[in-house]
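Pasted below: final.cif, mmCIF, C-alpha atoms.
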```cif
data_start
loop_
_atom_site.label_atom_id
_atom_site.label_comp_id
_atom_site.auth_asym_id
_atom_site.auth_seq_id
_atom_site.Cartn_x
_atom_site.Cartn_y
_atom_site.Cartn_z
CA MET N 1 -12.31 -23.39 -22.06
CA ALA N 2 -9.37 -21.02 -21.80
CA LYS N 3 -9.47 -18.36 -19.13
CA ILE N 4 -9.28 -14.72 -20.06
CA PRO N 5 -5.89 -13.44 -18.82
CA SER N 6 -6.14 -11.42 -15.64
CA ALA N 7 -4.32 -8.57 -17.37
CA VAL N 8 -7.19 -8.27 -19.85
CA ILE N 9 -9.81 -8.43 -17.09
CA ALA N 10 -8.08 -5.75 -15.01
CA ALA N 11 -7.50 -3.37 -17.93
CA GLY N 12 -11.01 -4.04 -19.19
CA GLY N 13 -12.42 -3.20 -15.78
CA LEU N 14 -10.71 0.17 -15.71
CA VAL N 15 -11.61 1.09 -19.28
CA GLY N 16 -15.06 -0.49 -19.12
CA GLY N 17 -15.92 1.12 -15.80
CA TYR N 18 -15.01 4.54 -17.11
CA THR N 19 -16.89 3.93 -20.37
CA VAL N 20 -20.06 2.81 -18.60
CA ALA N 21 -19.93 5.76 -16.19
CA ARG N 22 -19.40 8.23 -19.01
CA VAL N 23 -22.01 6.82 -21.39
CA THR N 24 -24.75 6.26 -18.80
CA LYS N 25 -23.83 9.30 -16.67
CA LYS N 26 -24.20 6.99 -13.66
CA ARG N 27 -20.93 6.79 -11.75
CA GLN N 28 -22.28 4.01 -9.53
CA LEU N 29 -22.86 1.79 -12.55
CA GLY N 30 -19.31 2.38 -13.74
CA GLY N 31 -18.12 1.60 -10.22
CA ALA N 32 -20.00 -1.70 -10.30
CA VAL N 33 -18.22 -2.66 -13.53
CA LEU N 34 -14.89 -1.63 -12.01
CA ALA N 35 -15.55 -3.65 -8.84
CA ALA N 36 -16.77 -6.77 -10.65
CA ALA N 37 -13.75 -6.85 -12.92
CA GLY N 38 -11.43 -6.16 -9.99
CA ALA N 39 -12.92 -9.06 -8.03
CA ALA N 40 -12.59 -11.41 -11.01
CA ALA N 41 -8.99 -10.35 -11.61
CA ALA N 42 -8.14 -10.68 -7.90
CA GLN N 43 -9.47 -14.23 -7.86
CA GLN N 44 -7.19 -15.15 -10.76
CA TRP N 45 -4.24 -13.32 -9.19
CA ARG N 46 -4.71 -15.31 -5.98
CA GLN N 47 -4.95 -18.61 -7.87
CA ARG N 48 -1.97 -17.95 -10.11
CA ALA N 49 0.42 -15.96 -7.94
CA GLY N 50 -0.71 -16.32 -4.31
CA GLY N 51 -2.23 -14.07 -1.70
CA GLN N 52 0.55 -11.52 -1.34
CA ALA N 53 0.77 -10.92 -5.07
CA ALA N 54 -3.01 -10.69 -5.29
CA GLY N 55 -3.02 -8.11 -2.51
CA ALA N 56 -0.33 -6.05 -4.22
CA LEU N 57 -2.05 -6.20 -7.61
CA THR N 58 -5.39 -5.30 -6.04
CA ALA N 59 -3.76 -2.30 -4.39
CA ALA N 60 -2.27 -1.33 -7.77
CA TYR N 61 -5.71 -1.65 -9.39
CA VAL N 62 -7.31 0.63 -6.80
CA ALA N 63 -4.38 3.07 -6.97
CA ALA N 64 -4.67 3.15 -10.77
CA PHE N 65 -8.36 4.03 -10.50
CA ALA N 66 -7.65 6.76 -7.95
CA GLY N 67 -4.59 8.02 -9.80
CA SER N 68 -6.42 8.31 -13.09
CA HIS N 69 -8.46 11.23 -11.74
CA PRO N 70 -5.61 13.70 -11.11
CA LEU N 71 -3.78 12.38 -14.16
CA ALA N 72 -6.84 13.17 -16.30
CA LYS N 73 -6.53 16.84 -15.35
CA LYS N 74 -3.07 16.88 -16.90
CA VAL N 75 -3.41 14.65 -19.97
CA GLY N 76 -7.14 14.22 -20.52
CA ALA N 77 -9.59 11.55 -19.42
CA TRP N 78 -9.10 8.90 -22.10
CA PRO N 79 -5.28 9.04 -22.12
CA ALA N 80 -5.30 8.78 -18.32
CA VAL N 81 -7.64 5.78 -18.32
CA PHE N 82 -5.72 3.99 -21.06
CA GLY N 83 -2.41 4.78 -19.37
CA VAL N 84 -3.35 3.39 -15.97
CA ALA N 85 -5.11 0.41 -17.57
CA GLY N 86 -1.94 -0.39 -19.50
CA ALA N 87 0.19 -0.11 -16.37
CA VAL N 88 -2.10 -2.45 -14.43
CA ALA N 89 -2.23 -4.89 -17.34
CA LEU N 90 1.55 -4.95 -17.57
CA ALA N 91 1.93 -5.56 -13.82
CA SER N 92 -0.74 -8.25 -13.90
CA TRP N 93 0.90 -9.99 -16.82
CA ALA N 94 4.35 -9.83 -15.23
CA VAL N 95 3.21 -11.16 -11.86
CA ALA N 96 0.38 -13.57 -12.66
CA ASP N 97 -0.12 -14.28 -16.37
CA ARG N 98 3.37 -14.62 -17.83
CA ASN N 99 3.98 -18.17 -16.70
CA GLY N 100 0.44 -19.46 -16.92
#
```

Will you turn the file into structure tokens for me?
Amino acid sequence: MAKIPSAVIAAGGLVGGYTVARVTKKRQLGGAVLAAAGAAAAQQWRQRAGGQAAGALTAAYVAAFAGSHPLAKKVGAWPAVFGVAGAVALASWAVADRNG
């Protein structure tokens, strides 16, 4: 069975976490989705690109989540979430998925 690319998992975690939080009005539930996807992506990053790359991509994932909040005040919530998700997906693909 083919693995889902880590870029898809990471972007899906950011978009899915926001969606769950918004729809359910329970931020903790959205955070759980975000954390679960981040952990799954980090495991693949470590397997495919090593510990240092996994650490850097995990930091980018967390920074994207944090950065989406002030960005949303400027461009709106959905554009901010999709923008940071795209950036994390691109970084993940470039570092871990491109050659695998």

For this session: In the coordinate frame of the file, compute which residues have an atom within 12 Å of (-7.3, -17.7, -8.8) when using only C-alpha atoms, and state them as an MDAnalysis selection string.
Result: chainID N and resid 3:6 39:51 53:54 96:97 100

Exercise. Which one is closest to N:Ala7: N:Gln28, N:Asn99, N:Ser68, N:Ser92? Count only C-alpha atoms.
Worked result: N:Ser92

Exercise. Could you state the separation of atom CA of N:Val75 and atom CA of N:Ala36 in Å, given to one decimal place?
Worked result: 26.9 Å

Problem set entry | Evaluate the PyMOL selection byres ((chain N and resi 14) around 8) and report residues as a ChimeraX atom specification | /N:10-13,15-18,34,65,81,85

For this session: Calculate how many Å separate atom CA of N:Trp93 from atom CA of N:Val8, rounding to one decimal.
Result: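 For atom CA of N:Trp93 relative to atom CA of N:Val8, the distance reads 8.8 Å.
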
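Among N:Val33, N:Trp78, N:Val20, N:Val88, the residue with the shortest atom-to-atom distance to N:Leu57, counting only C-alpha atoms, is N:Val88.
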
Exercise. Closest to N:Ala77 among N:Leu90, N:Thr19, N:Gly38, N:Leu29, using all atoms listed in the file?
Worked result: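 Using all atoms listed in the file, N:Ala77 sits closest to N:Thr19.
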
For this session: Provide the atom CA of N:Lys25 to atom CA of N:Ala59 distance in Å, to one decimal place.
Result: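 Value for the atom CA of N:Lys25-atom CA of N:Ala59 distance: 26.2 Å.
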
Box in all listed atoms of stretch 57-76 of chain N, axis-aligned, with 3 Å more on each side; write out centre and edge lengths in Å to one decimal as lines of an AutoDock Vina configuration file.
```
center_x = -5.3
center_y = 5.3
center_z = -12.5
size_x = 12.4
size_y = 29.1
size_z = 22.1
```
